[in-house]
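Novice: Take a look at this one; I'll ask things after.
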Amino acid sequence: MLTQTNNLHKMRDLVWAWTVRTLRGRYQQSALGWLWAIVQPVATVAIFAVVFTRIVPVDTGGVPYILFSYSAVIPWTLLASSVTDMATSLVHNMNLVGKIYFPREALPVAALLARLVDFLISFILLVILMMIYQIPFSLQGLFFLPLILLIQMALILGLGIGSAALNVFYRDVDPLLKLVIQVWFYASPILYPPSLVPEQWKWLYFLNPMAGIIASYRDVLVYSRMPGEYLWSAAGISALIFVAGVWFFKRVEYQFADIV
Amino acid sequence: MTPVIRFTNVSKRYNLGLTRTSLPSILSQWVKSSLGRQRGMADKKIHWALQNVSFAMEKGQSLALVGPNGAGKSTILKLLAKITNPTVGTVEVNGQLSALIELGAGFHPDLTGRENIYLNGTILGLTYKEIQKKYDEIVAFSEIEEFIDTPVKRYSSGMAVRLGFAVASCIEPQILLVDEVLAVGDASFRQKCIERIKSLLNNGTSLIFVSHDMGLVRALCERALYIERGQLQASGTSAEIIDMYNRVLEKKRIEKMSGLDKGMDEANAGIEVTHVDVLDVNGNIIREARTNQPVVIRVKYTAYKDFGKANAIILIHRSDGLLCCNIRTHLDQFSMSIEKGEGEYFLKLDPSQLFGSMYYAETWIMNSDDSDGIAFGVSEWFEVRNSIQGHEAHKAVFEPNRTWGQNRVTHNDRVTAGSTV
């Protein structure tokens with residue numbers, strides 16, 4: 001349908017239109033609208049705050065627990081929600097895939113962008129919380145934040161695009177992914193600081209790229225310090241996952257329309 | 001000149017069975033085979049939707065794909081649109097291509113018409129700017145200005161189709177694929193779509209068209225391919241292919257009818273039609289006649305018992321399925337009676353007045369009060385040629401006996417002229 005040279009340029013508009021469609025579809029006819037982007041992480045943090053300050057106190061390193069928790073919950077929510085959305089993005093639009101030709105990756109990419117908008121909205125609340133607790137925005141933060149986000153996006157894209165393609169062939173991917181994300185949540189430093197992990201297991205622990213990513217977010221946002229070395233291992237693993245996911249997607253893409 | 005489209009030995013295979021084997025089904029297979037009930041018969045049904053299809057198409061041509069359901073026509077369109085890939089062979093497409101395969105497939109019910117124009121346009125490969133430029137034209141064409149800010153879920157299906165066609169056709173592609181999408185929508189919109197497609201054709205767009213509406217095929221396409229069971233059976237002008245398609249359809253219908261007829265025979269066990277022939281006035285069986293010549297349709301029957309008073313019907317069908325006449329002894333007050341033995345009855349049309357095309361005759365022998373058929377038969381195809389050969393020969397139903405006239409009043413005289421054909 002399109003000449004290959006124009007493909008990327010045209011895909012940009014398609015991805016944008018599809019992102020807008022996803023957002024409108026999600027928030028139209030809902031009373032809270034885009035506020036839902038904040039409600040979810042705020043509710044999660046509220047529960048954690050009760051449990052982990054009153055019942056089982058966690059050592060946050062002198063940082064208010066709410067900030068400690070919220071700064072980890074929003075990147076985690078970005079990952080969990082976008083990967084699950086991306087995984088079903090092709091299957092839920094099979095009628096489209098089977099009937100019209102367009103760059104197929106537009107669907108999962110738009111699913112990610114729509115969740116990224118949620119992330120940015122909830123990030124505004126983080127900035128407000130930082131101002132309330134009078135935590136200064138450090139230079140490291142400003143410098144590293146886009147890089148950390150980029151690494152996280154690579155991880156999400158690889159996982160999400162790969163799962164979207166695999167889900168076309170095996171619908172088990174969707175429920176399996178939800179299960180994995182549940183376990184993954186506890187394997188990442190969201191409820192607790194990574195310092196709780198015994199030193200001899202740290203190497204294993206940081207094979208989980210989300211551990212490095214979340215720890216780095218916290219480093220630059222709430223502790224005003226350079227991210228630890230774990231950010232680089234997270235970057236490497238995320239890059240690998242990105243390449244593998246995109247490679248798999250491209251390899252099986254031509255079969256999508258035949259398996260509806 | 002390089003063709004805009006070239007299919008070279010294209011085959012497409014689909015797996016009809018389970019596309020993936022689930023763990024429970026593997027287990028149950030295993031249990032069954034170990035119990036010796038079934039010997040490892042995998043649930044792999046393979047279907048070749050297309051087999052070894054080759055054709056090419058030049059720029060600016062219009063080509064129809066004709067054939068029964070499930071012949072593989074839509075598969076060809078999907079291959080052209082790059083929705084799916086061939087299993088064997090190559091598909092070459094040179095030029096920007098737009099497919100009207102499923103109108104409004106990209107519509108989101110919760111979004112308004114305006115939002116959907118942008119969404120659907122980008123899916124079809126337009127950029128935002130291009131859509132912005134054509135927005136007014138799209139809205140005007142779809143005739144839904146007043147509902148443009150209403151969510152599409154509140155549209156009637158006709159409105160949604162109009163919007164879909166408006167978006168898809170504003171692309172002005174070099175190659176246009178149209179699948180059975182014009183069947184929806186009212187007659188005036190359909191006409192508008194046809195005009196639109198024609199104007200695209202005049203501007204050098206190449207068209208590939210799939211439809212079961214032979215009138216549309218004739219109106220839009222110069223050439224056609226006849227496809228059946230995944231194979232390219234014939235290629236020719238659209239008139240030739242349409243004729244072929246209609247004959248196949250009629251043959252199927254007749255086979256079905258004679259199946260009914262057999263059942264009827266057993267029930268009555270009394271009479272059968274042995275021959276239905278088309279004759280000239282001299283009693284010779286003919287396969288060809290002219291509009292201005294008489295034709296005789298003669299039916300021979302064998303009766304195994306006395307029926308007494310009976311009736312007959314003769315129907316003449318044109319190759320596109322049009323019933324051209326329905327003539328009944330009952331209504332013409334012609335009384336017939338059938339006794340045991342052989343006999344015949346005939347109907348003379350003088351002249352036939354049929355317009356140039358392919359026809360066949362169908363006859364029914366009816367009971368005494370014309371309420372039930374007791375025997376049935378059909379003739380071979382016969383061709384009628386127009387008394388005057390013309391360019392638009394297919395665009396009429398009959399050629400009546402006629403008289404032309406003209407009256408003129410000049411300043412000094414009244415003139416009357418006439419000519420009878």
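To be explicit about the labels: the chains of the structure tokens are called A, B, and onward in the order shown, and within each one the residues are counted from 1, while ligands get numbers from 1 in the order they are shown.
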Once you count only C-alpha atoms, what closest atom pair and distance in Å to one decimal does each residue of chain B within 9 Å of chain A have, with rows by chain and rising residue number, as a Markdown table?

Specialist:
```
| residue | atom | partner | partner_atom | distance |
| --- | --- | --- | --- | --- |
| B:Tyr14 | CA | A:Asp258 | CA | 7.3 |
| B:Asn15 | CA | A:Asp258 | CA | 8.8 |
| B:Thr19 | CA | A:Ile259 | CA | 7.3 |
| B:Arg20 | CA | A:Phe169 | CA | 7.1 |
| B:Ser22 | CA | A:Tyr170 | CA | 8.8 |
| B:Lys78 | CA | A:Lys99 | CA | 7.6 |
| B:Leu80 | CA | A:Met1 | CA | 8.9 |
| B:Ala81 | CA | A:Met1 | CA | 6.3 |
| B:Lys82 | CA | A:Tyr101 | CA | 6.1 |
| B:Ile83 | CA | A:Tyr101 | CA | 5.0 |
| B:Thr84 | CA | A:Ala257 | CA | 5.8 |
| B:Asn85 | CA | A:Tyr254 | CA | 6.5 |
| B:Gly95 | CA | A:Thr3 | CA | 7.8 |
| B:Gln96 | CA | A:Met1 | CA | 5.7 |
| B:Leu97 | CA | A:Met1 | CA | 4.8 |
| B:Ser98 | CA | A:Met1 | CA | 6.0 |
| B:Ala99 | CA | A:Ile100 | CA | 7.5 |
| B:Leu100 | CA | A:Ile100 | CA | 8.7 |
| B:Ile101 | CA | A:Lys99 | CA | 6.7 |
| B:Glu102 | CA | A:Lys99 | CA | 6.3 |
| B:Ala105 | CA | A:Leu96 | CA | 5.9 |
| B:Gly106 | CA | A:Leu96 | CA | 6.2 |
| B:His108 | CA | A:Arg21 | CA | 7.6 |
| B:Pro109 | CA | A:Gly25 | CA | 8.8 |
| B:Asp110 | CA | A:Gly25 | CA | 6.2 |
| B:Leu111 | CA | A:Gly25 | CA | 7.3 |
| B:Glu115 | CA | A:Arg21 | CA | 8.2 |
| B:Asn116 | CA | A:Arg21 | CA | 8.6 |
| B:Tyr118 | CA | A:Ala17 | CA | 7.0 |
| B:Leu119 | CA | A:Ala17 | CA | 5.3 |
| B:Asn120 | CA | A:Ala17 | CA | 8.8 |
| B:Gly121 | CA | A:Leu14 | CA | 8.5 |
| B:Thr122 | CA | A:Leu14 | CA | 4.8 |
| B:Ile123 | CA | A:Leu14 | CA | 6.0 |
| B:Leu124 | CA | A:Phe102 | CA | 7.0 |
| B:Gly125 | CA | A:Lys10 | CA | 6.3 |
| B:Leu126 | CA | A:Lys10 | CA | 6.7 |
| B:Thr127 | CA | A:Lys10 | CA | 5.6 |
| B:Tyr128 | CA | A:Asp13 | CA | 6.2 |
```

Novice: Would you export the selected residues with N, CA and C atoms as a short mmCIF file (atom, residue, chain, number, x, y, z; two decimals), in the first residue's frame, please?

Specialist:
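File produced: selection-v7.cif:
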```cif
data_model
loop_
_atom_site.label_atom_id
_atom_site.label_comp_id
_atom_site.auth_asym_id
_atom_site.auth_seq_id
_atom_site.Cartn_x
_atom_site.Cartn_y
_atom_site.Cartn_z
N TYR B 14 -3.79 -22.46 3.09
CA TYR B 14 -4.27 -22.16 4.44
C TYR B 14 -4.41 -23.46 5.21
N ASN B 15 -4.11 -23.41 6.49
CA ASN B 15 -4.38 -24.56 7.34
C ASN B 15 -5.74 -24.38 7.97
N THR B 19 -4.77 -24.26 14.26
CA THR B 19 -3.54 -23.61 13.88
C THR B 19 -2.45 -23.89 14.91
N ARG B 20 -2.87 -24.19 16.11
CA ARG B 20 -1.88 -24.54 17.13
C ARG B 20 -2.50 -25.65 17.95
N SER B 22 -3.18 -27.36 21.41
CA SER B 22 -3.14 -27.05 22.83
C SER B 22 -2.73 -28.29 23.62
N LYS B 78 -6.22 -9.93 -1.22
CA LYS B 78 -5.41 -9.84 -0.01
C LYS B 78 -3.93 -9.94 -0.32
N LEU B 80 -2.58 -8.97 -3.14
CA LEU B 80 -2.21 -7.70 -3.78
C LEU B 80 -2.03 -6.61 -2.75
N ALA B 81 -2.88 -6.62 -1.73
CA ALA B 81 -2.84 -5.56 -0.72
C ALA B 81 -1.76 -5.81 0.33
N LYS B 82 -1.01 -6.89 0.17
CA LYS B 82 0.06 -7.25 1.11
C LYS B 82 -0.47 -7.60 2.49
N ILE B 83 -1.77 -7.90 2.59
CA ILE B 83 -2.30 -8.32 3.87
C ILE B 83 -1.75 -9.70 4.19
N THR B 84 -1.58 -10.50 3.16
CA THR B 84 -1.03 -11.84 3.36
C THR B 84 -0.02 -12.12 2.24
N ASN B 85 0.80 -13.13 2.43
CA ASN B 85 1.86 -13.41 1.46
C ASN B 85 1.61 -14.74 0.76
N GLY B 95 3.38 0.49 -7.94
CA GLY B 95 2.54 1.67 -7.81
C GLY B 95 1.80 1.68 -6.50
N GLN B 96 1.33 2.86 -6.12
CA GLN B 96 0.60 2.98 -4.86
C GLN B 96 -0.75 2.32 -5.00
N LEU B 97 -1.08 1.51 -4.02
CA LEU B 97 -2.27 0.70 -4.12
C LEU B 97 -3.19 0.99 -2.95
N SER B 98 -4.48 1.05 -3.22
CA SER B 98 -5.44 1.24 -2.15
C SER B 98 -6.50 0.17 -2.26
N ALA B 99 -6.89 -0.39 -1.14
CA ALA B 99 -7.84 -1.50 -1.17
C ALA B 99 -9.13 -1.12 -0.47
N LEU B 100 -10.22 -1.24 -1.18
CA LEU B 100 -11.53 -1.09 -0.52
C LEU B 100 -12.04 -2.50 -0.27
N ILE B 101 -11.39 -3.17 0.68
CA ILE B 101 -11.77 -4.56 0.91
C ILE B 101 -12.83 -4.61 2.00
N GLU B 102 -12.63 -3.84 3.01
CA GLU B 102 -13.63 -3.81 4.08
C GLU B 102 -13.80 -2.36 4.47
N ALA B 105 -13.51 -0.74 8.37
CA ALA B 105 -12.94 -1.71 9.30
C ALA B 105 -12.11 -1.00 10.36
N GLY B 106 -11.60 0.18 10.02
CA GLY B 106 -10.76 0.90 10.97
C GLY B 106 -11.53 1.89 11.82
N HIS B 108 -13.56 3.34 14.88
CA HIS B 108 -13.73 3.06 16.30
C HIS B 108 -15.11 3.58 16.70
N PRO B 109 -15.96 2.72 17.25
CA PRO B 109 -17.35 3.12 17.50
C PRO B 109 -17.49 4.31 18.45
N ASP B 110 -16.56 4.47 19.39
CA ASP B 110 -16.70 5.55 20.37
C ASP B 110 -16.24 6.90 19.85
N LEU B 111 -15.51 6.89 18.75
CA LEU B 111 -15.00 8.16 18.22
C LEU B 111 -16.01 8.76 17.24
N GLU B 115 -13.19 12.30 13.97
CA GLU B 115 -12.00 11.62 14.49
C GLU B 115 -11.70 10.36 13.69
N ASN B 116 -12.78 9.68 13.28
CA ASN B 116 -12.58 8.45 12.51
C ASN B 116 -12.04 8.70 11.11
N TYR B 118 -9.79 10.84 10.37
CA TYR B 118 -8.33 10.92 10.54
C TYR B 118 -7.74 9.56 10.83
N LEU B 119 -8.40 8.82 11.72
CA LEU B 119 -7.88 7.51 12.10
C LEU B 119 -7.85 6.58 10.89
N ASN B 120 -9.00 6.48 10.21
CA ASN B 120 -9.09 5.56 9.08
C ASN B 120 -8.17 5.99 7.95
N GLY B 121 -8.07 7.29 7.75
CA GLY B 121 -7.18 7.79 6.70
C GLY B 121 -5.73 7.40 6.95
N THR B 122 -5.30 7.50 8.19
CA THR B 122 -3.90 7.13 8.47
C THR B 122 -3.70 5.62 8.33
N ILE B 123 -4.72 4.84 8.69
CA ILE B 123 -4.60 3.40 8.51
C ILE B 123 -4.43 3.09 7.02
N LEU B 124 -5.16 3.82 6.19
CA LEU B 124 -5.08 3.58 4.75
C LEU B 124 -3.81 4.17 4.15
N GLY B 125 -3.02 4.85 4.97
CA GLY B 125 -1.72 5.28 4.48
C GLY B 125 -1.60 6.76 4.16
N LEU B 126 -2.59 7.55 4.54
CA LEU B 126 -2.48 8.99 4.32
C LEU B 126 -1.78 9.65 5.50
N THR B 127 -1.20 10.81 5.28
CA THR B 127 -0.65 11.57 6.39
C THR B 127 -1.72 12.54 6.89
N TYR B 128 -1.49 13.07 8.08
CA TYR B 128 -2.45 14.03 8.65
C TYR B 128 -2.72 15.18 7.70
#
```

Novice: Taking the backbone alone, and naming residues the way the document does, which bits of range 64-256 of chain A are alpha helix (DSSP H) by DSSP, as a ChimeraX atom specification?

Specialist: /A:65-89,94-97,106-132,139-169,173-186,202-205,209-221,230-252

Novice: Take the residues that were just selected and, keeping C-alpha atoms, output them as a compact mmCIF listing (two decimals), in the first residue's frame.

Specialist:
```
# COMPACT_ATOMS: atom_id res chain seq x y z
CA TYR A 65 7.68 6.40 52.47
CA ILE A 66 5.07 7.88 50.16
CA LEU A 67 7.74 9.36 47.93
CA PHE A 68 9.87 6.22 48.19
CA SER A 69 6.95 4.11 47.06
CA TYR A 70 5.35 6.43 44.50
CA SER A 71 8.63 6.98 42.62
CA ALA A 72 8.79 3.21 42.06
CA VAL A 73 5.10 2.51 41.54
CA ILE A 74 4.69 4.84 38.54
CA PRO A 75 7.50 3.36 36.40
CA TRP A 76 6.31 -0.08 37.41
CA THR A 77 2.73 0.77 36.42
CA LEU A 78 4.05 2.00 33.08
CA LEU A 79 5.72 -1.32 32.46
CA ALA A 80 2.92 -3.55 33.71
CA SER A 81 0.09 -1.74 31.97
CA SER A 82 1.83 -1.09 28.66
CA VAL A 83 3.22 -4.61 28.28
CA THR A 84 -0.20 -6.17 28.92
CA ASP A 85 -1.88 -3.70 26.56
CA MET A 86 0.72 -4.28 23.87
CA ALA A 87 0.46 -8.04 24.14
CA THR A 88 -3.24 -7.94 23.22
CA SER A 89 -3.02 -5.03 20.78
CA MET A 94 -7.44 -8.87 14.29
CA ASN A 95 -10.35 -7.71 12.12
CA LEU A 96 -8.20 -4.79 11.10
CA VAL A 97 -5.02 -6.79 10.64
CA ALA A 106 1.88 0.67 14.84
CA LEU A 107 -0.63 -1.09 17.10
CA PRO A 108 1.69 -2.14 19.96
CA VAL A 109 3.69 1.08 19.70
CA ALA A 110 0.51 3.15 20.02
CA ALA A 111 -0.55 1.04 23.02
CA LEU A 112 2.76 1.94 24.66
CA LEU A 113 2.45 5.64 23.84
CA ALA A 114 -1.04 5.77 25.31
CA ARG A 115 0.34 4.37 28.58
CA LEU A 116 3.26 6.75 28.40
CA VAL A 117 0.77 9.60 28.51
CA ASP A 118 -0.64 8.12 31.74
CA PHE A 119 2.91 7.89 33.07
CA LEU A 120 3.60 11.54 32.32
CA ILE A 121 0.36 12.59 34.02
CA SER A 122 1.22 10.60 37.14
CA PHE A 123 4.74 12.00 36.96
CA ILE A 124 3.32 15.49 37.45
CA LEU A 125 1.95 14.30 40.79
CA LEU A 126 5.42 13.04 41.68
CA VAL A 127 6.83 16.51 41.05
CA ILE A 128 4.11 17.98 43.26
CA LEU A 129 4.93 15.44 46.01
CA MET A 130 8.62 16.34 45.74
CA MET A 131 7.78 19.97 46.18
CA ILE A 132 5.58 19.21 49.18
CA LEU A 139 21.08 18.06 38.07
CA GLN A 140 21.77 14.33 37.90
CA GLY A 141 18.07 13.80 37.91
CA LEU A 142 17.50 16.07 34.96
CA PHE A 143 20.38 14.51 33.08
CA PHE A 144 19.69 10.84 33.80
CA LEU A 145 15.91 10.81 33.79
CA PRO A 146 15.50 10.75 29.98
CA LEU A 147 18.17 8.07 29.74
CA ILE A 148 16.49 5.86 32.34
CA LEU A 149 13.16 6.34 30.61
CA LEU A 150 14.77 5.44 27.28
CA ILE A 151 16.19 2.23 28.73
CA GLN A 152 12.80 1.37 30.18
CA MET A 153 11.11 2.06 26.84
CA ALA A 154 13.53 -0.29 25.08
CA LEU A 155 12.69 -2.99 27.61
CA ILE A 156 8.95 -2.43 27.24
CA LEU A 157 9.09 -2.31 23.44
CA GLY A 158 11.05 -5.54 23.22
CA LEU A 159 8.78 -7.36 25.64
CA GLY A 160 5.54 -5.86 24.38
CA ILE A 161 6.17 -6.27 20.65
CA GLY A 162 7.48 -9.79 21.13
CA SER A 163 4.49 -10.78 23.27
CA ALA A 164 2.06 -9.14 20.84
CA ALA A 165 3.44 -11.31 18.03
CA LEU A 166 3.57 -14.48 20.11
CA ASN A 167 0.05 -13.88 21.40
CA VAL A 168 -1.27 -14.13 17.83
CA PHE A 169 -0.09 -17.74 17.76
CA VAL A 173 0.78 -15.44 26.32
CA ASP A 174 -1.71 -12.97 27.73
CA PRO A 175 -2.59 -14.82 30.97
CA LEU A 176 0.97 -16.05 31.33
CA LEU A 177 2.26 -12.50 31.06
CA LYS A 178 -0.10 -11.33 33.80
CA LEU A 179 1.25 -14.09 36.02
CA VAL A 180 4.86 -13.19 35.24
CA ILE A 181 4.21 -9.52 35.97
CA GLN A 182 2.73 -10.44 39.36
CA VAL A 183 5.87 -12.34 40.32
CA TRP A 184 8.10 -9.74 38.74
CA PHE A 185 6.57 -7.07 40.97
CA TYR A 186 8.02 -8.73 44.06
CA LYS A 202 22.95 -8.84 44.14
CA TRP A 203 24.35 -9.93 40.74
CA LEU A 204 21.38 -12.25 40.25
CA TYR A 205 18.95 -9.68 41.52
CA PRO A 209 16.41 -5.01 34.36
CA MET A 210 13.47 -3.49 36.24
CA ALA A 211 15.51 -3.70 39.47
CA GLY A 212 18.20 -1.49 38.00
CA ILE A 213 15.71 0.83 36.32
CA ILE A 214 13.56 1.39 39.41
CA ALA A 215 16.58 1.77 41.68
CA SER A 216 17.97 4.35 39.26
CA TYR A 217 14.73 6.31 39.15
CA ARG A 218 14.86 6.49 42.93
CA ASP A 219 18.53 7.44 42.93
CA VAL A 220 18.07 10.44 40.73
CA LEU A 221 14.62 11.50 41.92
CA TYR A 230 23.08 -1.50 37.94
CA LEU A 231 21.70 1.01 35.39
CA TRP A 232 24.29 -0.15 32.85
CA SER A 233 23.51 -3.83 33.26
CA ALA A 234 19.82 -2.93 32.97
CA ALA A 235 20.61 -1.01 29.78
CA GLY A 236 22.43 -3.99 28.29
CA ILE A 237 19.70 -6.49 29.13
CA SER A 238 16.98 -4.12 27.94
CA ALA A 239 18.78 -3.61 24.64
CA LEU A 240 19.02 -7.40 24.19
CA ILE A 241 15.33 -7.83 24.93
CA PHE A 242 14.49 -4.99 22.54
CA VAL A 243 16.44 -6.55 19.68
CA ALA A 244 15.03 -10.02 20.35
CA GLY A 245 11.45 -8.77 20.53
CA VAL A 246 11.63 -6.69 17.37
CA TRP A 247 13.48 -9.44 15.52
CA PHE A 248 10.82 -11.99 16.42
CA PHE A 249 8.01 -9.62 15.48
CA LYS A 250 9.54 -8.90 12.07
CA ARG A 251 10.18 -12.57 11.47
CA VAL A 252 6.59 -13.73 11.97
```

Novice: Could you check how far CA of Phe382 in chain B sits from CA of Leu216 in chain B, in Å to one decimal?

Specialist: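 Taking CA of Phe382 in chain B as the start and CA of Leu216 in chain B as the end point, the length is 24.3 Å.
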
Novice: How many Å separate CA of Pro294 in chain B from CA of Asn246 in chain B?

Specialist: 25.1 Å

Novice: Could you state the separation of CA of Leu207 in chain B and CA of Leu177 in chain B in Å, given to one decimal place?

Specialist: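 Atom-to-atom, CA of Leu207 in chain B and CA of Leu177 in chain B are spaced 6.0 Å apart.
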